[in-house]
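Take a look at the structure set out below.
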Amino acid sequence: MAQSVLTIDLGAICANWRALAAMNDGETAAVVKANAYGLGAAKVAKALADEGARTFFVAQAEEGVSLRGALGSGPKIYVFGGHMDGDADLIRQADLVPMINSIDQMLRHVEALPGHPFGIQLDSGMNRLGMEPAEWSALREIALSQNPVLVMSHLACADDASHGMNEFQLQTFRQMTDGIDAPRSLAATGGVVMGAAYHFDMTRPGIGLYGGLPFVEARPVVSLSIPVIQVRDVNPGESVGYGNSWVARVQSRIATISAGYADGIIRAMGPKAHVWAGETRCKIVGRISMDLIGVDVGPVKDMPDRVELMGRHQSIDTLADAAGTIGYEILTSLGTRYARTYIST
Ligand SMILES: *Cc1c(COP(=O)(O)O)cnc(C)c1O
C-alpha cells in the first residue's frame, strides 16, 4: 500500500482544550473553522463536545450548517463572517449565531431574522473584520438593546506576547466595551497564553487545540507516516529528482517515499526539511514531487517500511519553519489522499 497514513489524536485535542480551559476562568470555546484546521470538524467537534465544550466557532455559515449536522442541537455555533447576503435561511435552520461585523450586517440580520440571536465583532486595530470605534459608537445603544450574546474582537499579534499591539488592542477593546452587560471575548490561543487581562468571559482557541504554537505545552495531535516505495544506491556525481537540484557528493542511499506536494507537503520546504526513519533524522534531498519525495537514508541502520514526517519527532511548527510558513498552514494544507485514522490516547 502506497497510501500515507495521517493519524489524528482526538484525545490529545481534548487534553489541549482542557489545558487551555484550565488557564482561564471563563468559558473556553473551540474554533473549528476550515474543517477544524484540516483535521475533520465533525470528529473533532464531537470529541470536544463530549469533553464539555459548549461553544464552537466557524468562519462561514455553510461550515456552521455541516457542523450542526454533526453535533445536533445543543452546542452553540458562532459564525465569524457574520450575516452575509443569502445566509438567513442557513442561520435560522442550523440555529447559528452570526457575529455581526458592520451596520449593514446588523440591518440585514434584524430585518431577515428579528429576534434571532447574534453577536458583535469589533475591530480593535487589526482592520480585518468588525465594527470600528466610530461605527460602534453610532450603533452601540441600539445594538446593545437587542441583547447580543457575545461581543468580541481579535488580536493581530498575539503570537508574540511582547508586541506592543497586544496592549494597544486590549485598551481599545476595553474602551469600546467596558460597562456593557454582554459577555466579552478577545483571546484566541495566543491571548489565552498571555494571561488573565486578555481572557474576559470567553476564550476562543484554535491552533492550540491542534498542537501548534503559541501554545508551547500543547500535546502533538497529528502524525504522518509515509511508506517507502524504493531504496537505491546513488554514486557520487549522480543527481536526484527534478531539475537535478541535488547531486550526491559521496556514495549515498536514497529512499523514495510516497507523498508529495499534492498531499500538502509544501514544495518550498524541500531543501530544509527532514523525515524520521525510526529514531534517525534523514534529510529530504532533491525537489519534492507531486507524489514522491527523495530522502537520504545513508545514516539509517535498519531501513523501516515507513518514515515519519510529523509526529513524535517533528512538530508542525518545525516543518513550518522549514517551509517558511506557520503551523496553521501546514495543517490546513494537509491533502485528501491520506488514510485518515482517528485515535484517542
Ligand atoms: C481563527 C480565529 C481564532 C482562533 O485562533 P488561533 O490562533 O488558532 O487560536 C479565534 N478568533 C478568530 C476571530 C479567528 O479568526
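In the C-alpha cells, each chain is lettered A, B, ... as it comes, each chain's residues begin at 1, and ligands are numbered from 1 in order of appearance.
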Could you build a table of the residues in chain A lying no more than 10 Å from ligand 1, giving for each the nearest pair of atoms and their separation in Å rounded to one decimal place, using only C-alpha atoms and all ligand atoms, ordered by chain and ascending residue number, as JSON lines?
```
{"residue": "A:Ala29", "atom": "CA", "partner": "ligand 1", "partner_atom_place_in_ligand_line": "10 (C)", "distance": 9.4}
{"residue": "A:Ala30", "atom": "CA", "partner": "ligand 1", "partner_atom_place_in_ligand_line": "4 (C)", "distance": 8.0}
{"residue": "A:Val31", "atom": "CA", "partner": "ligand 1", "partner_atom_place_in_ligand_line": "4 (C)", "distance": 5.6}
{"residue": "A:Val32", "atom": "CA", "partner": "ligand 1", "partner_atom_place_in_ligand_line": "1 (C)", "distance": 8.3}
{"residue": "A:Lys33", "atom": "CA", "partner": "ligand 1", "partner_atom_place_in_ligand_line": "1 (C)", "distance": 7.1}
{"residue": "A:Ala34", "atom": "CA", "partner": "ligand 1", "partner_atom_place_in_ligand_line": "1 (C)", "distance": 9.1}
{"residue": "A:Ala36", "atom": "CA", "partner": "ligand 1", "partner_atom_place_in_ligand_line": "8 (O)", "distance": 9.7}
{"residue": "A:Tyr37", "atom": "CA", "partner": "ligand 1", "partner_atom_place_in_ligand_line": "8 (O)", "distance": 8.3}
{"residue": "A:Phe57", "atom": "CA", "partner": "ligand 1", "partner_atom_place_in_ligand_line": "10 (C)", "distance": 7.9}
{"residue": "A:Val58", "atom": "CA", "partner": "ligand 1", "partner_atom_place_in_ligand_line": "1 (C)", "distance": 8.3}
{"residue": "A:Ala59", "atom": "CA", "partner": "ligand 1", "partner_atom_place_in_ligand_line": "15 (O)", "distance": 7.2}
{"residue": "A:Val79", "atom": "CA", "partner": "ligand 1", "partner_atom_place_in_ligand_line": "13 (C)", "distance": 9.3}
{"residue": "A:Phe80", "atom": "CA", "partner": "ligand 1", "partner_atom_place_in_ligand_line": "13 (C)", "distance": 6.1}
{"residue": "A:Gly81", "atom": "CA", "partner": "ligand 1", "partner_atom_place_in_ligand_line": "13 (C)", "distance": 8.9}
{"residue": "A:Met99", "atom": "CA", "partner": "ligand 1", "partner_atom_place_in_ligand_line": "13 (C)", "distance": 9.6}
{"residue": "A:Gln121", "atom": "CA", "partner": "ligand 1", "partner_atom_place_in_ligand_line": "13 (C)", "distance": 8.4}
{"residue": "A:Arg128", "atom": "CA", "partner": "ligand 1", "partner_atom_place_in_ligand_line": "13 (C)", "distance": 9.4}
{"residue": "A:Leu129", "atom": "CA", "partner": "ligand 1", "partner_atom_place_in_ligand_line": "13 (C)", "distance": 8.2}
{"residue": "A:Gly130", "atom": "CA", "partner": "ligand 1", "partner_atom_place_in_ligand_line": "13 (C)", "distance": 9.5}
{"residue": "A:Met152", "atom": "CA", "partner": "ligand 1", "partner_atom_place_in_ligand_line": "13 (C)", "distance": 8.1}
{"residue": "A:Ser153", "atom": "CA", "partner": "ligand 1", "partner_atom_place_in_ligand_line": "13 (C)", "distance": 6.8}
{"residue": "A:His154", "atom": "CA", "partner": "ligand 1", "partner_atom_place_in_ligand_line": "13 (C)", "distance": 5.2}
{"residue": "A:Leu155", "atom": "CA", "partner": "ligand 1", "partner_atom_place_in_ligand_line": "11 (N)", "distance": 8.1}
{"residue": "A:Ala156", "atom": "CA", "partner": "ligand 1", "partner_atom_place_in_ligand_line": "7 (O)", "distance": 9.5}
{"residue": "A:Cys157", "atom": "CA", "partner": "ligand 1", "partner_atom_place_in_ligand_line": "7 (O)", "distance": 9.8}
{"residue": "A:Ala158", "atom": "CA", "partner": "ligand 1", "partner_atom_place_in_ligand_line": "7 (O)", "distance": 7.9}
{"residue": "A:Asp159", "atom": "CA", "partner": "ligand 1", "partner_atom_place_in_ligand_line": "7 (O)", "distance": 7.7}
{"residue": "A:Ser185", "atom": "CA", "partner": "ligand 1", "partner_atom_place_in_ligand_line": "11 (N)", "distance": 9.0}
{"residue": "A:Leu186", "atom": "CA", "partner": "ligand 1", "partner_atom_place_in_ligand_line": "11 (N)", "distance": 7.8}
{"residue": "A:Ala187", "atom": "CA", "partner": "ligand 1", "partner_atom_place_in_ligand_line": "10 (C)", "distance": 7.0}
{"residue": "A:Ala188", "atom": "CA", "partner": "ligand 1", "partner_atom_place_in_ligand_line": "9 (O)", "distance": 4.1}
{"residue": "A:Thr189", "atom": "CA", "partner": "ligand 1", "partner_atom_place_in_ligand_line": "9 (O)", "distance": 3.6}
{"residue": "A:Gly190", "atom": "CA", "partner": "ligand 1", "partner_atom_place_in_ligand_line": "7 (O)", "distance": 6.1}
{"residue": "A:Gly191", "atom": "CA", "partner": "ligand 1", "partner_atom_place_in_ligand_line": "9 (O)", "distance": 8.1}
{"residue": "A:Val192", "atom": "CA", "partner": "ligand 1", "partner_atom_place_in_ligand_line": "9 (O)", "distance": 8.6}
{"residue": "A:Thr203", "atom": "CA", "partner": "ligand 1", "partner_atom_place_in_ligand_line": "10 (C)", "distance": 8.1}
{"residue": "A:Arg204", "atom": "CA", "partner": "ligand 1", "partner_atom_place_in_ligand_line": "10 (C)", "distance": 5.0}
{"residue": "A:Pro205", "atom": "CA", "partner": "ligand 1", "partner_atom_place_in_ligand_line": "9 (O)", "distance": 3.7}
{"residue": "A:Gly206", "atom": "CA", "partner": "ligand 1", "partner_atom_place_in_ligand_line": "8 (O)", "distance": 3.5}
{"residue": "A:Ile207", "atom": "CA", "partner": "ligand 1", "partner_atom_place_in_ligand_line": "8 (O)", "distance": 3.7}
{"residue": "A:Gly208", "atom": "CA", "partner": "ligand 1", "partner_atom_place_in_ligand_line": "9 (O)", "distance": 5.9}
{"residue": "A:Leu209", "atom": "CA", "partner": "ligand 1", "partner_atom_place_in_ligand_line": "9 (O)", "distance": 7.8}
{"residue": "A:Tyr210", "atom": "CA", "partner": "ligand 1", "partner_atom_place_in_ligand_line": "8 (O)", "distance": 8.5}
{"residue": "A:Gly212", "atom": "CA", "partner": "ligand 1", "partner_atom_place_in_ligand_line": "8 (O)", "distance": 8.4}
{"residue": "A:Leu213", "atom": "CA", "partner": "ligand 1", "partner_atom_place_in_ligand_line": "7 (O)", "distance": 8.5}
{"residue": "A:Pro214", "atom": "CA", "partner": "ligand 1", "partner_atom_place_in_ligand_line": "7 (O)", "distance": 7.9}
{"residue": "A:Phe215", "atom": "CA", "partner": "ligand 1", "partner_atom_place_in_ligand_line": "9 (O)", "distance": 8.8}
{"residue": "A:Gly327", "atom": "CA", "partner": "ligand 1", "partner_atom_place_in_ligand_line": "8 (O)", "distance": 9.7}
{"residue": "A:Tyr328", "atom": "CA", "partner": "ligand 1", "partner_atom_place_in_ligand_line": "8 (O)", "distance": 7.3}
```
- Message: Which residues are near Gly74 (chain A)? Cut-off 10 Å, only C-alpha atoms, ignore same chain within fewer than 3 positions. Put them as a PyMOL selection string.
- Response: chain A and resi 49+54-55+68+71+77+95
- Message: Please list as number ranges by chain every residue within 12 Å of Arg174 (chain A), counting only C-alpha atoms and excluding residues in the same chain fewer than 5 positions away.
- Response: A: 122-124, 133, 151-153, 167-169, 179-180, 184-186, 197-200
- Which of region 177-320 of chain A counts as strand (DSSP E) under DSSP, as a PyMOL selection string please? chain A and resi 184-185+202-203+222-234+239-240+246-247+252-257+274-277+280-285+293-296+306-310
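The nearest approach to Ile326 (chain A) among the residues A:Thr172, A:Ile266, A:Arg340, A:Ser162, with only C-alpha atoms taken into account, belongs to A:Ile266.
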